[in-house]
file coords01.txt (compact mmCIF, C-alpha atoms)
# COMPACT_ATOMS: atom_id res chain seq x y z
CA MET D 77 153.73 15.84 24.77
CA LYS D 78 155.58 14.10 27.54
CA LYS D 79 156.34 10.43 27.06
CA ILE D 80 155.21 7.92 29.66
CA SER D 81 158.21 6.30 31.25
CA LYS D 82 158.45 2.55 31.63
CA LYS D 83 158.45 2.94 35.44
CA SER D 84 155.09 4.73 35.56
CA PHE D 85 153.34 2.46 33.04
CA PRO D 86 152.27 -0.21 35.64
CA PHE D 87 150.78 2.54 37.81
CA LEU D 88 148.84 3.90 34.85
CA ILE D 89 147.45 0.47 33.96
CA SER D 90 146.47 -0.28 37.58
CA GLY D 91 144.81 3.16 37.84
CA ILE D 92 142.72 2.52 34.74
CA PHE D 93 141.79 -0.92 36.07
CA LEU D 94 140.69 0.55 39.43
CA LEU D 95 138.67 3.24 37.65
CA PHE D 96 136.73 0.64 35.66
CA GLN D 97 136.25 -1.41 38.81
CA LYS D 98 134.80 1.64 40.65
CA ILE D 99 132.40 2.31 37.78
CA GLN D 100 131.31 -1.31 37.84
CA ILE D 101 130.75 -1.24 41.62
CA ALA D 102 128.79 2.02 41.40
CA SER D 103 126.48 0.60 38.76
CA ALA D 104 125.81 -2.60 40.74
CA GLU D 105 122.74 -2.81 42.97
CA ILE D 106 123.69 -2.38 46.62
CA TYR D 107 121.83 -4.36 49.26
CA LEU D 108 120.98 -2.40 52.41
CA PRO D 109 119.79 -4.53 55.33
CA THR D 110 116.66 -3.53 57.24
CA SER D 111 116.61 -2.48 60.87
CA ALA D 112 115.14 -5.86 61.83
CA GLU D 113 118.15 -7.62 60.32
CA THR D 114 120.74 -5.35 61.95
CA GLY D 115 119.08 -4.95 65.35
CA LEU D 116 119.38 -1.17 65.11
CA SER D 117 116.57 1.27 65.79
CA ASP D 118 114.33 2.31 62.93
CA LYS D 119 113.37 5.60 64.61
CA PRO D 120 114.36 8.90 63.02
CA LEU D 121 117.66 10.41 64.08
CA LEU D 122 115.89 13.41 65.67
CA ASP D 123 114.00 11.15 68.07
CA ILE D 124 117.22 9.40 69.07
CA VAL D 125 118.98 12.73 69.71
CA ILE D 126 116.04 14.03 71.77
CA LYS D 127 116.02 10.88 73.90
CA LEU D 128 119.80 11.14 74.35
CA THR D 129 119.60 14.77 75.52
CA GLN D 130 116.82 13.87 77.95
CA ASN D 131 118.96 11.10 79.42
CA ILE D 132 121.96 13.43 79.67
CA LEU D 133 119.77 15.97 81.50
CA VAL D 134 118.70 13.31 84.01
CA ILE D 135 122.33 12.33 84.63
CA PHE D 136 123.24 16.02 84.96
CA GLY D 137 120.49 16.48 87.55
CA LEU D 138 121.67 13.50 89.60
CA ILE D 139 125.27 14.71 89.56
CA SER D 140 124.21 18.22 90.62
CA ILE D 141 122.16 16.86 93.53
CA ILE D 142 125.12 14.76 94.69
CA CYS D 143 127.42 17.78 94.37
CA PHE D 144 125.05 19.97 96.35
CA VAL D 145 124.73 17.36 99.12
CA ILE D 146 128.52 17.04 99.39
CA ALA D 147 128.86 20.85 99.57
CA ALA D 148 126.19 20.98 102.29
CA ILE D 149 128.01 18.27 104.27
CA TYR D 150 131.22 20.31 104.05
CA TYR D 151 129.40 23.40 105.30
CA LEU D 152 127.47 21.68 108.09
CA THR D 153 130.42 19.68 109.42
CA SER D 154 132.82 22.60 109.46
CA SER D 155 132.21 22.99 113.24
CA GLY D 156 133.57 26.51 113.33
CA ASP D 157 136.51 25.94 110.99
CA GLU D 158 136.38 28.91 108.64
CA GLU D 159 138.43 27.23 105.91
CA VAL D 160 136.10 24.21 105.64
CA ALA D 161 133.00 26.45 105.79
CA LYS D 162 134.48 28.61 103.05
CA ARG D 163 135.16 25.50 100.94
CA GLY D 164 131.54 24.36 101.45
CA LYS D 165 130.15 27.78 100.45
CA ARG D 166 132.38 27.89 97.38
CA ALA D 167 131.31 24.36 96.38
CA MET D 168 127.63 25.33 96.76
CA LEU D 169 128.20 28.42 94.63
CA TYR D 170 129.89 26.37 91.91
CA CYS D 171 127.13 23.76 92.07
CA ILE D 172 124.37 26.35 91.73
CA THR D 173 126.25 28.08 88.91
CA GLY D 174 126.61 24.76 87.08
CA VAL D 175 122.91 23.96 87.50
CA VAL D 176 121.90 27.40 86.22
CA LEU D 177 124.23 27.12 83.21
CA GLY D 178 123.09 23.58 82.43
CA LEU D 179 119.39 24.38 82.65
CA GLY D 180 119.91 27.64 80.80
CA SER D 181 121.60 25.86 77.93
CA PHE D 182 118.75 23.34 77.85
CA VAL D 183 116.20 26.19 77.65
CA VAL D 184 118.16 27.84 74.83
CA ILE D 185 118.29 24.56 72.89
CA LYS D 186 114.55 24.04 73.36
CA ALA D 187 113.85 27.63 72.25
CA ILE D 188 115.99 27.24 69.12
CA ASP D 189 114.23 23.94 68.38
CA ALA D 190 110.82 25.59 68.76
CA ILE D 191 111.84 28.48 66.51
CA LEU D 192 113.17 26.14 63.82
CA LYS D 193 109.95 24.10 63.95
CA GLY D 194 107.93 27.30 63.51
CA ALA D 195 106.20 27.32 66.89
CA SER D 196 104.80 30.60 68.15
CA PHE D 197 105.37 31.89 71.65

call {"tool": "encode", "arguments": {"input": "coords01.txt", "output": "structure tokens"}}
result
Amino acid sequence: MKKISKKSFPFLISGIFLLFQKIQIASAEIYLPTSAETGLSDKPLLDIVIKLTQNILVIFGLISIICFVIAAIYYLTSSGDEEVAKRGKRAMLYCITGVVLGLGSFVVIKAIDAILKGASF
């Protein structure tokens, strides 16, 4: 058996002390404040996540409308300049692609949620 050196003895004693302190803390009763005391919501986490995704979808919709309007302005004010008209068409295509991908991902998430909840189609 290996002897404990004098240098490692203080570490061993402090480790044993910390171990007993952890056991004592774990056995103590822990006070958890209520939602009224903390000011946090008492709603389930699922409801908070659903509300967050709905708000993100609204923000996404507003950004896509702004993007589409800017692309339309590029296209309408090109006044015969092929490069600006091409930039407007490309921006509209990207905007429509983004909207389709965003709404498609929302539909997939809703479908997975319905399947996990056991809803029938």

call {"tool": "residues_around", "arguments": {"input": "coords01.txt", "residues": "stretch 133-141 of chain D", "least_positions_apart": "2", "cutoff": "12 Å", "atoms": "all atoms listed in the file", "output": "mmCIF file with C-alpha atoms, keeping the file's coordinate frame"}}
result
data_model
loop_
_atom_site.group_PDB
_atom_site.id
_atom_site.type_symbol
_atom_site.label_atom_id
_atom_site.label_comp_id
_atom_site.auth_asym_id
_atom_site.auth_seq_id
_atom_site.Cartn_x
_atom_site.Cartn_y
_atom_site.Cartn_z
ATOM 1 C CA ILE D 126 116.040 14.030 71.770
ATOM 2 C CA LYS D 127 116.020 10.880 73.900
ATOM 3 C CA LEU D 128 119.800 11.140 74.350
ATOM 4 C CA THR D 129 119.600 14.770 75.520
ATOM 5 C CA GLN D 130 116.820 13.870 77.950
ATOM 6 C CA ASN D 131 118.960 11.100 79.420
ATOM 7 C CA CYS D 143 127.420 17.780 94.370
ATOM 8 C CA PHE D 144 125.050 19.970 96.350
ATOM 9 C CA VAL D 145 124.730 17.360 99.120
ATOM 10 C CA ILE D 146 128.520 17.040 99.390
ATOM 11 C CA ALA D 147 128.860 20.850 99.570
ATOM 12 C CA ALA D 148 126.190 20.980 102.290
ATOM 13 C CA ALA D 167 131.310 24.360 96.380
ATOM 14 C CA MET D 168 127.630 25.330 96.760
ATOM 15 C CA LEU D 169 128.200 28.420 94.630
ATOM 16 C CA TYR D 170 129.890 26.370 91.910
ATOM 17 C CA CYS D 171 127.130 23.760 92.070
ATOM 18 C CA ILE D 172 124.370 26.350 91.730
ATOM 19 C CA THR D 173 126.250 28.080 88.910
ATOM 20 C CA GLY D 174 126.610 24.760 87.080
ATOM 21 C CA VAL D 175 122.910 23.960 87.500
ATOM 22 C CA VAL D 176 121.900 27.400 86.220
ATOM 23 C CA LEU D 177 124.230 27.120 83.210
ATOM 24 C CA GLY D 178 123.090 23.580 82.430
ATOM 25 C CA LEU D 179 119.390 24.380 82.650
ATOM 26 C CA GLY D 180 119.910 27.640 80.800
ATOM 27 C CA SER D 181 121.600 25.860 77.930
ATOM 28 C CA PHE D 182 118.750 23.340 77.850
ATOM 29 C CA VAL D 183 116.200 26.190 77.650
#

call {"tool": "closest_residue", "arguments": {"input": "coords01.txt", "among": "D:Ile149, D:Ile92, D:Ile188, D:Ala195", "to": "D:Gly164", "atoms": "only C-alpha atoms"}}
result
D:Ile149

call {"tool": "residues_around", "arguments": {"input": "coords01.txt", "residues": "D:Val160", "least_positions_apart": "4", "cutoff": "7 Å", "atoms": "all atoms listed in the file", "output": "PyMOL selection string"}}
result
chain D and resi 150-151+154+164

call {"tool": "axis_aligned_box", "arguments": {"input": "coords01.txt", "around": "stretch 110-123 of chain D", "padding_each_side": "8 Å", "output": "lines of an AutoDock Vina configuration file"}}
result
center_x = 117.1
center_y = 2.9
center_z = 62.7
size_x = 23.4
size_y = 37.0
size_z = 26.8

call {"tool": "atom_distance", "arguments": {"input": "coords01.txt", "atom1": "atom CA of D:Leu122", "atom2": "atom CA of D:Asp189"}}
result
11.0 Å

call {"tool": "atom_distance", "arguments": {"input": "coords01.txt", "atom1": "atom CA of D:Ile142", "atom2": "atom CA of D:Val184"}}
result
24.8 Å

call {"tool": "atom_distance", "arguments": {"input": "coords01.txt", "atom1": "atom CA of D:Leu152", "atom2": "atom CA of D:Arg166"}}
result
13.3 Å

call {"tool": "decode", "arguments": {"input": "coords01.txt", "residues": "stretch 109-150 of chain D", "atoms": "N, CA and C atoms", "output": "tab-separated table (two decimals), in the first residue's frame"}}
result
chain	number	residue	atom	x	y	z
D	109	PRO	N	-38.39	29.51	-3.84
D	109	PRO	CA	-39.39	30.58	-3.84
D	109	PRO	C	-40.48	30.32	-4.88
D	110	THR	N	-41.65	30.88	-4.64
D	110	THR	CA	-42.77	30.72	-5.57
D	110	THR	C	-42.63	31.72	-6.70
D	111	SER	N	-43.49	31.55	-7.73
D	111	SER	CA	-43.43	32.46	-8.87
D	111	SER	C	-43.86	33.86	-8.48
D	112	ALA	N	-44.73	33.99	-7.48
D	112	ALA	CA	-45.15	35.32	-7.03
D	112	ALA	C	-43.99	36.06	-6.38
D	113	GLU	N	-43.11	35.34	-5.72
D	113	GLU	CA	-41.97	35.97	-5.04
D	113	GLU	C	-40.86	36.35	-6.03
D	114	THR	N	-40.71	35.57	-7.10
D	114	THR	CA	-39.64	35.84	-8.05
D	114	THR	C	-40.06	36.76	-9.19
D	115	GLY	N	-41.37	36.83	-9.46
D	115	GLY	CA	-41.85	37.64	-10.57
D	115	GLY	C	-41.80	36.90	-11.89
D	116	LEU	N	-41.44	35.62	-11.86
D	116	LEU	CA	-41.40	34.82	-13.07
D	116	LEU	C	-42.76	34.21	-13.35
D	117	SER	N	-42.95	33.74	-14.57
D	117	SER	CA	-44.22	33.13	-14.96
D	117	SER	C	-44.38	31.76	-14.31
D	118	ASP	N	-45.62	31.42	-13.99
D	118	ASP	CA	-45.89	30.10	-13.43
D	118	ASP	C	-46.51	29.18	-14.48
D	119	LYS	N	-46.48	29.59	-15.74
D	119	LYS	CA	-47.02	28.77	-16.82
D	119	LYS	C	-46.05	27.64	-17.13
D	120	PRO	N	-46.56	26.55	-17.70
D	120	PRO	CA	-45.67	25.46	-18.11
D	120	PRO	C	-44.71	25.91	-19.21
D	121	LEU	N	-43.59	25.23	-19.28
D	121	LEU	CA	-42.55	25.58	-20.26
D	121	LEU	C	-43.08	25.46	-21.69
D	122	LEU	N	-43.93	24.47	-21.95
D	122	LEU	CA	-44.48	24.27	-23.29
D	122	LEU	C	-45.28	25.49	-23.75
D	123	ASP	N	-46.07	26.07	-22.86
D	123	ASP	CA	-46.84	27.26	-23.22
D	123	ASP	C	-45.93	28.44	-23.53
D	124	ILE	N	-44.85	28.57	-22.79
D	124	ILE	CA	-43.90	29.66	-23.04
D	124	ILE	C	-43.22	29.48	-24.39
D	125	VAL	N	-42.84	28.25	-24.71
D	125	VAL	CA	-42.18	27.97	-26.00
D	125	VAL	C	-43.15	28.21	-27.15
D	126	ILE	N	-44.40	27.80	-27.00
D	126	ILE	CA	-45.40	28.02	-28.06
D	126	ILE	C	-45.59	29.51	-28.30
D	127	LYS	N	-45.71	30.29	-27.23
D	127	LYS	CA	-45.88	31.74	-27.37
D	127	LYS	C	-44.65	32.37	-28.02
D	128	LEU	N	-43.46	31.88	-27.66
D	128	LEU	CA	-42.23	32.40	-28.26
D	128	LEU	C	-42.18	32.12	-29.76
D	129	THR	N	-42.54	30.90	-30.16
D	129	THR	CA	-42.52	30.58	-31.60
D	129	THR	C	-43.57	31.38	-32.36
D	130	GLN	N	-44.72	31.65	-31.74
D	130	GLN	CA	-45.72	32.48	-32.40
D	130	GLN	C	-45.19	33.91	-32.60
D	131	ASN	N	-44.52	34.44	-31.60
D	131	ASN	CA	-43.95	35.78	-31.74
D	131	ASN	C	-42.85	35.82	-32.78
D	132	ILE	N	-42.03	34.77	-32.84
D	132	ILE	CA	-40.98	34.71	-33.85
D	132	ILE	C	-41.59	34.64	-35.25
D	133	LEU	N	-42.71	33.92	-35.39
D	133	LEU	CA	-43.37	33.83	-36.69
D	133	LEU	C	-43.93	35.19	-37.12
D	134	VAL	N	-44.46	35.96	-36.18
D	134	VAL	CA	-44.95	37.30	-36.50
D	134	VAL	C	-43.79	38.20	-36.95
D	135	ILE	N	-42.68	38.15	-36.24
D	135	ILE	CA	-41.51	38.95	-36.63
D	135	ILE	C	-41.00	38.51	-38.00
D	136	PHE	N	-40.99	37.20	-38.24
D	136	PHE	CA	-40.56	36.67	-39.54
D	136	PHE	C	-41.46	37.18	-40.65
D	137	GLY	N	-42.77	37.21	-40.41
D	137	GLY	CA	-43.71	37.71	-41.40
D	137	GLY	C	-43.49	39.18	-41.71
D	138	LEU	N	-43.25	39.98	-40.68
D	138	LEU	CA	-43.00	41.42	-40.90
D	138	LEU	C	-41.72	41.64	-41.70
D	139	ILE	N	-40.68	40.89	-41.36
D	139	ILE	CA	-39.41	41.04	-42.09
D	139	ILE	C	-39.58	40.62	-43.55
D	140	SER	N	-40.34	39.56	-43.80
D	140	SER	CA	-40.53	39.10	-45.18
D	140	SER	C	-41.34	40.11	-45.99
D	141	ILE	N	-42.34	40.75	-45.36
D	141	ILE	CA	-43.10	41.78	-46.07
D	141	ILE	C	-42.21	42.96	-46.42
D	142	ILE	N	-41.39	43.39	-45.48
D	142	ILE	CA	-40.46	44.50	-45.74
D	142	ILE	C	-39.49	44.13	-46.85
D	143	CYS	N	-38.97	42.91	-46.82
D	143	CYS	CA	-38.05	42.45	-47.86
D	143	CYS	C	-38.72	42.44	-49.23
D	144	PHE	N	-39.94	41.95	-49.27
D	144	PHE	CA	-40.65	41.89	-50.55
D	144	PHE	C	-40.93	43.30	-51.08
D	145	VAL	N	-41.29	44.24	-50.22
D	145	VAL	CA	-41.54	45.62	-50.65
D	145	VAL	C	-40.26	46.25	-51.20
D	146	ILE	N	-39.15	46.02	-50.53
D	146	ILE	CA	-37.87	46.57	-51.02
D	146	ILE	C	-37.51	45.98	-52.38
D	147	ALA	N	-37.73	44.67	-52.55
D	147	ALA	CA	-37.45	44.02	-53.84
D	147	ALA	C	-38.37	44.59	-54.92
D	148	ALA	N	-39.63	44.84	-54.59
D	148	ALA	CA	-40.55	45.41	-55.57
D	148	ALA	C	-40.14	46.83	-55.94
D	149	ILE	N	-39.65	47.60	-54.98
D	149	ILE	CA	-39.19	48.96	-55.28
D	149	ILE	C	-37.99	48.91	-56.21
D	150	TYR	N	-37.06	47.97	-55.96
D	150	TYR	CA	-35.92	47.81	-56.88
D	150	TYR	C	-36.42	47.53	-58.30
